[in-house]
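Okay, input-v7.txt now, which holds compact mmCIF, C-alpha atoms:
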```txt
# COMPACT_ATOMS: atom_id res chain seq x y z
CA MET A 1 0.00 0.00 0.00
CA SER A 2 1.44 3.35 -0.99
CA GLN A 3 1.80 6.01 1.67
CA LEU A 4 0.95 9.63 1.01
CA ALA A 5 3.96 11.90 1.31
CA SER A 6 3.62 14.49 4.02
CA THR A 7 4.39 18.10 3.20
CA SER A 8 6.81 19.83 5.53
CA PRO A 9 5.57 23.09 7.00
CA ALA A 10 6.98 26.26 5.47
CA ARG A 11 9.64 27.81 7.70
CA ILE A 12 8.88 31.50 8.28
CA LEU A 13 11.46 33.73 9.95
CA VAL A 14 9.82 36.73 11.65
CA VAL A 15 12.27 39.58 12.30
CA PHE A 16 11.66 42.61 14.52
CA GLY A 17 13.35 44.71 17.15
CA THR A 18 11.19 47.48 18.59
CA ARG A 19 8.12 47.64 20.78
CA PRO A 20 5.80 48.83 17.96
CA GLU A 21 6.97 46.01 15.71
CA ALA A 22 6.42 43.50 18.50
CA ILE A 23 2.89 44.77 19.09
CA LYS A 24 2.02 44.59 15.40
CA LEU A 25 3.66 41.21 14.81
CA PHE A 26 2.67 39.18 17.86
CA PRO A 27 -0.83 38.52 16.45
CA VAL A 28 0.81 37.26 13.24
CA ILE A 29 3.21 35.06 15.24
CA HIS A 30 0.31 33.66 17.26
CA ALA A 31 -1.56 32.85 14.04
CA LEU A 32 1.49 31.24 12.40
CA LYS A 33 2.31 29.12 15.44
CA ALA A 34 -1.30 27.89 15.60
CA ASP A 35 -1.25 26.81 11.94
CA PRO A 36 0.33 23.43 11.09
CA ARG A 37 1.17 24.66 7.60
CA PHE A 38 3.94 26.81 9.09
CA GLU A 39 7.00 26.61 11.30
CA CYS A 40 7.53 30.04 12.83
CA VAL A 41 11.02 31.11 13.91
CA VAL A 42 11.33 34.43 15.77
CA CYS A 43 14.41 36.65 15.71
CA VAL A 44 14.57 39.93 17.64
CA SER A 45 17.28 42.54 17.31
CA ALA A 46 16.38 44.26 20.59
CA GLN A 47 16.57 47.67 18.94
CA HIS A 48 14.34 48.56 21.92
CA ARG A 49 15.42 46.31 24.78
CA GLN A 50 13.24 46.97 27.81
CA MET A 51 10.13 48.04 25.93
CA LEU A 52 10.42 45.11 23.53
CA ASP A 53 10.76 42.58 26.34
CA GLN A 54 7.59 43.85 27.99
CA VAL A 55 5.56 43.08 24.87
CA LEU A 56 7.16 39.69 24.40
CA GLU A 57 6.30 38.74 27.96
CA ILE A 58 2.64 39.73 27.82
CA ALA A 59 2.24 38.07 24.40
CA GLY A 60 3.93 34.88 25.57
CA ILE A 61 6.62 34.93 22.87
CA VAL A 62 10.12 33.59 23.52
CA PRO A 63 12.47 34.52 20.66
CA ASP A 64 14.55 31.80 19.06
CA TYR A 65 17.30 34.37 18.37
CA ASP A 66 18.10 37.59 20.21
CA LEU A 67 20.80 39.79 18.68
CA ASP A 68 20.76 42.47 21.42
CA VAL A 69 22.35 44.98 19.04
CA MET A 70 22.01 48.25 20.90
CA GLN A 71 25.01 50.15 22.23
CA PRO A 72 25.17 53.58 23.91
CA ASP A 73 25.02 56.53 21.48
CA GLN A 74 25.15 54.18 18.52
CA SER A 75 24.98 55.89 15.12
CA LEU A 76 22.44 54.80 12.54
CA ASP A 77 25.11 53.49 10.20
CA ALA A 78 26.78 51.47 12.98
CA LEU A 79 23.39 50.09 14.03
CA THR A 80 22.51 49.20 10.44
CA ALA A 81 25.82 47.41 9.93
CA ARG A 82 25.36 45.36 13.11
CA LEU A 83 21.80 44.51 12.12
CA LEU A 84 22.69 43.49 8.58
CA THR A 85 25.50 41.15 9.57
CA GLY A 86 23.68 39.76 12.62
CA LEU A 87 20.45 39.04 10.76
CA GLY A 88 22.42 37.57 7.88
CA ARG A 89 24.05 35.05 10.22
CA VAL A 90 20.64 34.06 11.58
CA MET A 91 19.24 33.55 8.10
CA ASP A 92 22.21 31.41 7.12
CA GLU A 93 21.56 29.20 10.15
CA VAL A 94 17.76 29.06 9.97
CA ARG A 95 17.51 28.78 6.18
CA PRO A 96 13.91 30.01 6.13
CA ASP A 97 11.54 29.71 3.20
CA ARG A 98 10.34 33.27 3.72
CA VAL A 99 11.15 36.27 5.94
CA ILE A 100 8.53 38.59 7.46
CA VAL A 101 9.35 42.16 8.46
CA GLN A 102 7.06 44.92 9.67
CA GLY A 103 6.91 48.62 9.11
CA ASP A 104 9.84 50.97 8.78
CA THR A 105 12.53 50.41 11.40
CA ALA A 106 16.24 49.88 10.86
CA THR A 107 15.66 46.25 11.87
CA ALA A 108 12.96 45.81 9.24
CA MET A 109 15.05 47.44 6.51
CA ALA A 110 18.18 45.44 7.37
CA GLY A 111 16.13 42.25 7.66
CA GLY A 112 14.65 42.83 4.23
CA LEU A 113 18.05 43.58 2.73
CA ALA A 114 19.74 40.56 4.33
CA ALA A 115 16.97 38.33 2.99
CA TYR A 116 17.24 39.88 -0.46
CA TYR A 117 20.99 39.22 -0.51
CA ARG A 118 20.12 35.53 0.02
CA LYS A 119 17.31 35.60 -2.58
CA LEU A 120 14.75 34.85 0.14
CA PRO A 121 11.21 36.16 -0.35
CA VAL A 122 10.44 39.07 1.98
CA ASP A 123 6.86 39.67 3.11
CA HIS A 124 6.15 43.18 4.37
CA VAL A 125 3.50 43.73 7.03
CA GLU A 126 2.13 47.31 7.04
CA ALA A 127 3.39 48.01 3.53
CA GLY A 128 2.77 51.11 1.47
CA LEU A 129 2.73 53.89 4.05
CA ARG A 130 4.18 57.05 2.54
CA SER A 131 4.64 60.64 3.68
CA TYR A 132 6.52 61.54 0.47
CA ASN A 133 9.10 63.42 2.51
CA ILE A 134 12.33 61.52 3.08
CA HIS A 135 13.12 63.57 6.19
CA HIS A 136 9.70 63.18 7.89
CA PRO A 137 9.57 60.62 9.38
CA TRP A 138 13.33 60.19 9.35
CA PRO A 139 14.80 57.68 8.61
CA GLU A 140 11.64 55.61 8.54
CA GLU A 141 10.28 56.91 5.22
CA VAL A 142 13.35 55.68 3.33
CA ASN A 143 13.52 52.43 5.33
CA ARG A 144 9.97 51.61 4.30
CA LYS A 145 10.60 52.47 0.65
CA ILE A 146 13.68 50.24 0.57
CA ILE A 147 11.64 47.32 1.88
CA GLY A 148 8.91 48.07 -0.63
CA SER A 149 11.39 47.87 -3.50
CA LEU A 150 12.37 44.28 -2.67
CA ALA A 151 9.32 42.72 -0.99
CA SER A 152 7.57 39.69 -2.42
CA LEU A 153 4.19 40.16 -0.74
CA HIS A 154 2.99 43.58 0.39
CA PHE A 155 0.39 43.47 3.18
CA ALA A 156 -1.10 46.95 2.93
CA PRO A 157 -3.23 48.05 5.90
CA THR A 158 -5.52 50.28 3.83
CA ALA A 159 -6.54 51.05 0.28
CA THR A 160 -4.52 54.27 0.49
CA ALA A 161 -1.38 52.27 1.22
CA GLN A 162 -2.25 49.87 -1.60
CA ASN A 163 -2.63 52.75 -4.04
CA ALA A 164 0.74 54.19 -3.01
CA LEU A 165 2.39 50.90 -3.94
CA LEU A 166 0.52 50.64 -7.23
CA LYS A 167 1.71 54.15 -8.15
CA GLU A 168 5.26 52.84 -7.63
CA ASN A 169 4.55 50.12 -10.20
CA VAL A 170 4.41 47.25 -7.73
CA ASP A 171 2.71 44.25 -9.33
CA PRO A 172 -0.96 44.50 -8.28
CA SER A 173 -1.12 40.74 -7.70
CA ARG A 174 1.52 41.13 -4.95
CA VAL A 175 -0.37 43.80 -2.98
CA HIS A 176 -3.12 42.80 -0.54
CA VAL A 177 -5.21 45.01 1.73
CA THR A 178 -5.39 43.23 5.08
CA GLY A 179 -6.14 45.92 7.67
CA ASN A 180 -3.56 46.80 10.30
CA THR A 181 -2.47 44.14 12.77
CA VAL A 182 -2.24 46.79 15.50
CA ILE A 183 -6.02 46.59 15.79
CA ASP A 184 -5.77 42.81 16.21
CA ALA A 185 -3.24 43.40 19.00
CA LEU A 186 -5.40 46.02 20.71
CA HIS A 187 -8.45 43.75 20.69
CA TRP A 188 -6.35 40.90 22.07
CA VAL A 189 -4.82 42.89 24.93
CA THR A 190 -8.16 44.51 25.80
CA GLY A 191 -9.62 41.03 26.17
CA GLU A 192 -6.68 39.98 28.32
CA ILE A 193 -7.18 42.99 30.61
CA GLU A 194 -10.86 42.10 30.99
CA ARG A 195 -9.89 38.58 32.04
CA ARG A 196 -6.97 39.72 34.20
CA PRO A 197 -7.49 43.31 35.44
CA GLU A 198 -4.23 43.14 37.38
CA LEU A 199 -2.35 43.43 34.07
CA ALA A 200 -3.17 47.15 33.93
CA ALA A 201 -3.65 47.94 37.61
CA GLY A 202 -0.51 50.08 37.76
CA LEU A 203 -2.37 53.20 36.65
CA SER A 204 -5.03 52.95 39.35
CA ARG A 205 -3.31 55.43 41.68
CA LEU A 206 -3.12 58.05 38.92
CA GLU A 207 -6.71 57.37 37.93
CA GLU A 208 -7.75 58.02 41.52
CA SER A 209 -5.70 61.20 41.91
CA PHE A 210 -6.95 62.57 38.57
CA ALA A 211 -10.56 61.51 39.11
CA GLY A 212 -12.95 64.07 37.66
CA ARG A 213 -10.29 65.62 35.43
CA ARG A 214 -10.12 65.36 31.66
CA ILE A 215 -7.08 63.24 30.89
CA ILE A 216 -4.81 63.98 27.95
CA GLY A 217 -2.42 61.17 27.09
CA VAL A 218 0.92 62.16 25.55
CA THR A 219 3.65 60.24 23.75
CA SER A 220 6.63 61.77 21.96
CA HIS A 221 9.82 60.24 20.67
CA ARG A 222 10.42 61.12 17.00
CA ARG A 223 13.99 61.95 16.02
CA GLU A 224 12.89 64.84 13.80
CA ASN A 225 11.33 66.51 16.86
CA PHE A 226 14.52 66.43 18.96
CA GLY A 227 15.65 69.88 19.97
CA GLU A 228 13.29 72.77 19.28
CA GLY A 229 10.37 70.47 18.55
CA MET A 230 10.62 68.86 22.00
CA GLU A 231 10.94 72.29 23.61
CA GLN A 232 7.75 73.42 21.90
CA ILE A 233 5.89 70.25 22.86
CA ALA A 234 6.92 70.72 26.50
CA GLN A 235 5.78 74.34 26.39
CA ALA A 236 2.40 73.32 24.99
CA ILE A 237 1.88 70.76 27.74
CA ARG A 238 2.87 73.34 30.34
CA GLU A 239 0.33 75.82 28.99
CA ILE A 240 -2.56 73.38 28.67
CA ALA A 241 -1.85 72.15 32.20
CA GLN A 242 -2.84 75.60 33.47
CA ARG A 243 -6.44 74.52 32.95
CA PRO A 244 -7.60 73.14 36.30
CA GLU A 245 -9.97 70.58 34.76
CA VAL A 246 -7.16 68.93 32.77
CA ALA A 247 -4.62 66.27 33.72
CA VAL A 248 -1.78 65.01 31.55
CA ILE A 249 -0.34 61.49 31.68
CA PHE A 250 2.94 61.31 29.78
CA PRO A 251 4.93 58.05 29.63
CA VAL A 252 8.32 59.59 28.82
CA HIS A 253 10.43 57.78 26.25
CA LEU A 254 13.80 56.49 27.45
CA ASN A 255 15.74 58.52 24.87
CA PRO A 256 17.69 61.26 26.69
CA ASN A 257 16.76 63.77 23.98
CA VAL A 258 13.18 63.44 25.21
CA ARG A 259 13.76 62.93 28.94
CA LYS A 260 16.03 65.89 29.51
CA VAL A 261 13.60 68.40 28.01
CA MET A 262 10.47 67.02 29.64
CA ASN A 263 12.05 66.67 33.08
CA GLU A 264 13.41 70.22 32.97
CA ARG A 265 10.18 71.82 31.73
CA LEU A 266 7.40 69.78 33.30
CA THR A 267 8.59 68.42 36.64
CA GLY A 268 6.63 69.79 39.59
CA LEU A 269 3.28 70.40 37.89
CA ASP A 270 0.69 68.67 40.06
CA ASN A 271 -1.58 67.75 37.14
CA VAL A 272 1.18 66.46 34.84
CA ALA A 273 2.35 62.92 35.52
CA LEU A 274 5.71 62.16 33.92
CA ILE A 275 5.88 58.40 34.24
CA GLU A 276 8.10 55.59 33.00
CA PRO A 277 7.26 53.99 29.64
CA LEU A 278 4.25 51.75 29.98
CA ASP A 279 4.05 48.11 29.07
CA TYR A 280 1.45 47.25 26.49
CA PRO A 281 -1.52 46.49 28.78
CA HIS A 282 -0.99 49.72 30.71
CA PHE A 283 -0.68 51.69 27.49
CA ALA A 284 -3.96 50.20 26.29
CA ARG A 285 -5.43 51.31 29.61
CA LEU A 286 -4.11 54.83 29.08
CA LEU A 287 -5.80 54.91 25.67
CA SER A 288 -9.07 53.89 27.28
CA ILE A 289 -9.03 56.52 30.07
CA ALA A 290 -7.66 59.42 28.01
CA GLU A 291 -10.07 61.86 26.43
CA ILE A 292 -7.52 63.02 23.83
CA MET A 293 -4.19 61.60 22.65
CA LEU A 294 -1.37 64.00 21.80
CA THR A 295 1.38 62.13 19.99
CA ASP A 296 4.07 62.01 17.35
CA SER A 297 3.80 58.22 17.17
CA GLY A 298 2.58 56.36 14.13
CA GLY A 299 0.89 53.51 15.98
CA VAL A 300 -1.17 55.75 18.26
CA GLN A 301 -2.75 57.28 15.15
CA GLU A 302 -4.15 53.81 14.45
CA GLU A 303 -4.87 52.58 17.98
CA ALA A 304 -6.64 55.54 19.58
CA PRO A 305 -9.42 55.79 16.95
CA ALA A 306 -10.24 52.12 17.59
CA LEU A 307 -11.30 53.28 21.08
CA GLY A 308 -12.98 56.48 19.85
CA LYS A 309 -10.24 58.86 21.01
CA PRO A 310 -9.25 61.91 18.89
CA VAL A 311 -5.56 62.10 18.00
CA LEU A 312 -3.57 65.31 17.59
CA VAL A 313 -0.39 64.44 15.69
CA MET A 314 2.66 66.54 16.52
CA ARG A 315 4.26 66.20 13.12
CA GLU A 316 4.32 68.16 9.88
CA THR A 317 3.53 65.11 7.75
CA THR A 318 2.16 61.63 8.32
CA GLU A 319 2.55 58.40 6.42
CA ARG A 320 -0.91 57.52 7.75
CA PRO A 321 -3.09 60.10 5.96
CA GLU A 322 -6.13 57.84 6.23
CA GLY A 323 -6.73 59.00 9.80
CA VAL A 324 -6.55 62.66 8.79
CA ASP A 325 -8.84 62.02 5.83
CA ALA A 326 -11.33 60.12 7.99
CA GLY A 327 -11.27 62.80 10.68
CA THR A 328 -9.90 60.62 13.49
CA ALA A 329 -6.54 62.46 13.52
CA ARG A 330 -5.31 66.00 12.90
CA LEU A 331 -1.80 67.18 12.07
CA VAL A 332 -0.82 69.99 14.42
CA GLY A 333 2.97 70.17 14.03
CA THR A 334 5.18 71.12 16.96
CA SER A 335 4.31 74.79 17.44
CA ALA A 336 3.21 75.28 21.04
CA VAL A 337 0.68 77.89 19.94
CA THR A 338 -0.97 75.49 17.48
CA ILE A 339 -0.95 72.52 19.84
CA VAL A 340 -2.57 74.52 22.63
CA SER A 341 -5.16 75.98 20.26
CA GLU A 342 -6.14 72.57 18.84
CA LEU A 343 -6.35 71.01 22.30
CA ALA A 344 -8.51 73.89 23.51
CA THR A 345 -10.89 73.40 20.59
CA LEU A 346 -11.41 69.74 21.45
CA LEU A 347 -11.80 70.51 25.15
CA ASP A 348 -14.24 73.39 24.65
CA ASP A 349 -16.23 72.44 21.55
CA LYS A 350 -18.26 69.26 22.03
CA ALA A 351 -19.28 69.11 18.38
CA ALA A 352 -15.65 69.30 17.28
CA TYR A 353 -14.72 66.59 19.75
CA ASP A 354 -17.58 64.30 18.75
CA ALA A 355 -16.78 64.70 15.06
CA MET A 356 -13.34 63.18 15.67
CA ALA A 357 -14.34 60.66 18.33
CA GLN A 358 -17.17 59.21 16.27
CA ALA A 359 -15.38 59.13 12.91
CA HIS A 360 -14.87 55.71 11.35
CA ASN A 361 -11.48 54.14 12.10
CA PRO A 362 -9.94 53.37 8.69
CA PHE A 363 -7.22 51.06 9.98
CA GLY A 364 -8.97 47.73 10.28
CA ASP A 365 -11.35 45.34 11.98
CA GLY A 366 -9.03 43.17 14.06
CA LEU A 367 -8.82 40.31 11.54
CA ALA A 368 -5.67 41.28 9.66
CA SER A 369 -3.44 38.50 11.00
CA GLY A 370 -5.74 35.76 9.80
CA ARG A 371 -5.83 37.31 6.35
CA ILE A 372 -2.02 37.51 6.26
CA VAL A 373 -1.61 33.84 7.19
CA GLU A 374 -4.08 32.74 4.54
CA LEU A 375 -2.29 34.81 1.92
CA LEU A 376 1.01 33.22 2.94
CA ALA A 377 -0.55 29.77 2.72
CA ARG A 378 -1.81 30.55 -0.76
CA GLU A 379 1.66 31.73 -1.75
CA ILE A 380 3.43 28.57 -0.63
CA GLY A 381 0.75 26.40 -2.20
```

Go ahead and render the structure in this file as structure tokens.
Amino acid sequence: MSQLASTSPARILVVFGTRPEAIKLFPVIHALKADPRFECVVCVSAQHRQMLDQVLEIAGIVPDYDLDVMQPDQSLDALTARLLTGLGRVMDEVRPDRVIVQGDTATAMAGGLAAYYRKLPVDHVEAGLRSYNIHHPWPEEVNRKIIGSLASLHFAPTATAQNALLKENVDPSRVHVTGNTVIDALHWVTGEIERRPELAAGLSRLEESFAGRRIIGVTSHRRENFGEGMEQIAQAIREIAQRPEVAVIFPVHLNPNVRKVMNERLTGLDNVALIEPLDYPHFARLLSIAEIMLTDSGGVQEEAPALGKPVLVMRETTERPEGVDAGTARLVGTSAVTIVSELATLLDDKAAYDAMAQAHNPFGDGLASGRIVELLAREIG
């Protein structure tokens, strides 16, 4: 009697290094590991060490490889060189069938390039975001375009991202609109918090002390805002904090270019809480209790609208114009005068607030990871 030959699972190497990448890829990793058609190997660069590890722990992911590449005051070219050679060694050992990268980090770009040098197919999660300004966001805009030039499958979160790729003459059959996996992650962690409230209990003291106040959540870390931009952001927070009904919760990024300015300008204000970076469950909790999010982050532009929270984006451009077009986000730059004015409008004009809070979130329905896995399965046959 003849025996049917069994097909070996496709070996997928998932490469990432920062907290945002970990958040957006852990739902994909969960889906791959649950699917017998795939063998999922995880490699982290630890481009963000502490913040990355927090996400890995809550998501239950133990990396197979950890490059731990960061060094004090490391230049971008030194970091890129370490990433490229380190990821290349991992690929030579793992010999994957395909490599998955996400977004626009140095890790993603180097991972895509190392795979390309080995003629391995690269699949790009969150493909097609463009600001059309190579210095904003910097260096992420160019990183993302480099990956887009060599990717095999492009998992675009929105039709806008898909169209950007098509305008760059990417083969339409290689571009798929999946939604953004960050919404999958947010739904997952929200469910975990409901089952285990202790996961996000660390903000309870602040919630009690700020009870009855209108909470503004703040995040800021972009390189292009270092210097005068950070000074202006700090000034805006200081001015808006003069309103007695307002409280600000600001998890301050570990980068000294952020910390030094914020500590000097904002320490001592009784309604401004400068706190350590939050792990993912606590950040999801901050999104849920904040009335408005003030940010220069890309991910927050996607996450906050999923919970009905308006986003003021402290940047001149965004590679996520869908939120601006839908009305969930507004570009306000880094001028203190503009930031304060836009915050005041949302605080004082209920109709303006409701228009943003109730706008449709264009970034997905929480099912992106399943779509990505099915597209990968179709690709490998």

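Close contacts of A:Lys119, defined as residues with an atom at most 12 Å away when counting only C-alpha atoms, with chain neighbours fewer than 3 positions off set aside, comprise Gly88, Met91, Asp92, Arg95, Pro96, Asp97, Arg98, Val99, Gly112, Leu113, Ala114, Ala115, Tyr116, Val122, Leu150, Ala151 and Ser152 of chain A.
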
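Minimum atom-to-atom distance to A:Leu79, evaluated using only C-alpha atoms, belongs to A:Gln47 out of A:Ala59, A:Gln47, A:Val218, A:Asp64.
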
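From atom CA of A:Asn180 back to atom CA of A:Phe363, the distance works out to 5.6 Å.
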
**OP:** Extract, using all atoms listed in the file, all DNA, RNA and protein residues at most 9 Å from A:Ala290, discarding same-chain residues fewer than 5 positions from it, and format them as a list in words.
**Re:** Arg214, Ile215, Ile216, Gly217, Val248, Ile249, Arg285 and Lys309 of chain A

**OP:** Counting all atoms listed in the file, write as a ChimeraX atom specification all protein and nucleic acid residues lying at most 12 Å from (14.1, 45.2, 2.7) in the file's frame.
**Re:** /A:15,84,87,99-125,127,142-154

Subject >> Selected residue of minimal separation from A:Leu312 among A:Leu331, A:Ala22, A:Ala185, A:Ala241, counting all atoms listed in the file >> reply: A:Leu331

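Atom CA of A:Arg205 lies 12.6 Å from atom CA of A:His282.
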
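Within the 6 Å cut-off around stretch 301-308 of chain A, using all atoms listed in the file and omitting residues fewer than 3 positions from it on the same chain, the listed residues are Gly298, Thr328, Ala357 and Asn361 of chain A.
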
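Comparing A:Glu57, A:Asp73, A:Asp66, A:Glu342 by their smallest distance to A:Pro256, the closest is A:Asp73 (using all atoms listed in the file).
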
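Atom to atom, atom CA of A:Glu322 and atom CA of A:Ala161 stand 8.9 Å apart.
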
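By all atoms listed in the file, and with residues fewer than 3 positions from A:Ser341 along its chain excluded, the set lying at most 12 Å from it is A:Ala236, A:Ile237, A:Glu239, A:Ile240, A:Leu312, A:Val332, A:Gly333, A:Thr334, A:Ser335, A:Ala336, A:Val337, A:Thr338, A:Ala344, A:Thr345, A:Leu346, A:Leu347, A:Asp348, A:Asp349.
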
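Distances from A:Thr7, A:Gln242, A:Gln162, A:Gln235 to A:Val261 were compared using all atoms listed in the file, and the smallest one belongs to A:Gln235.
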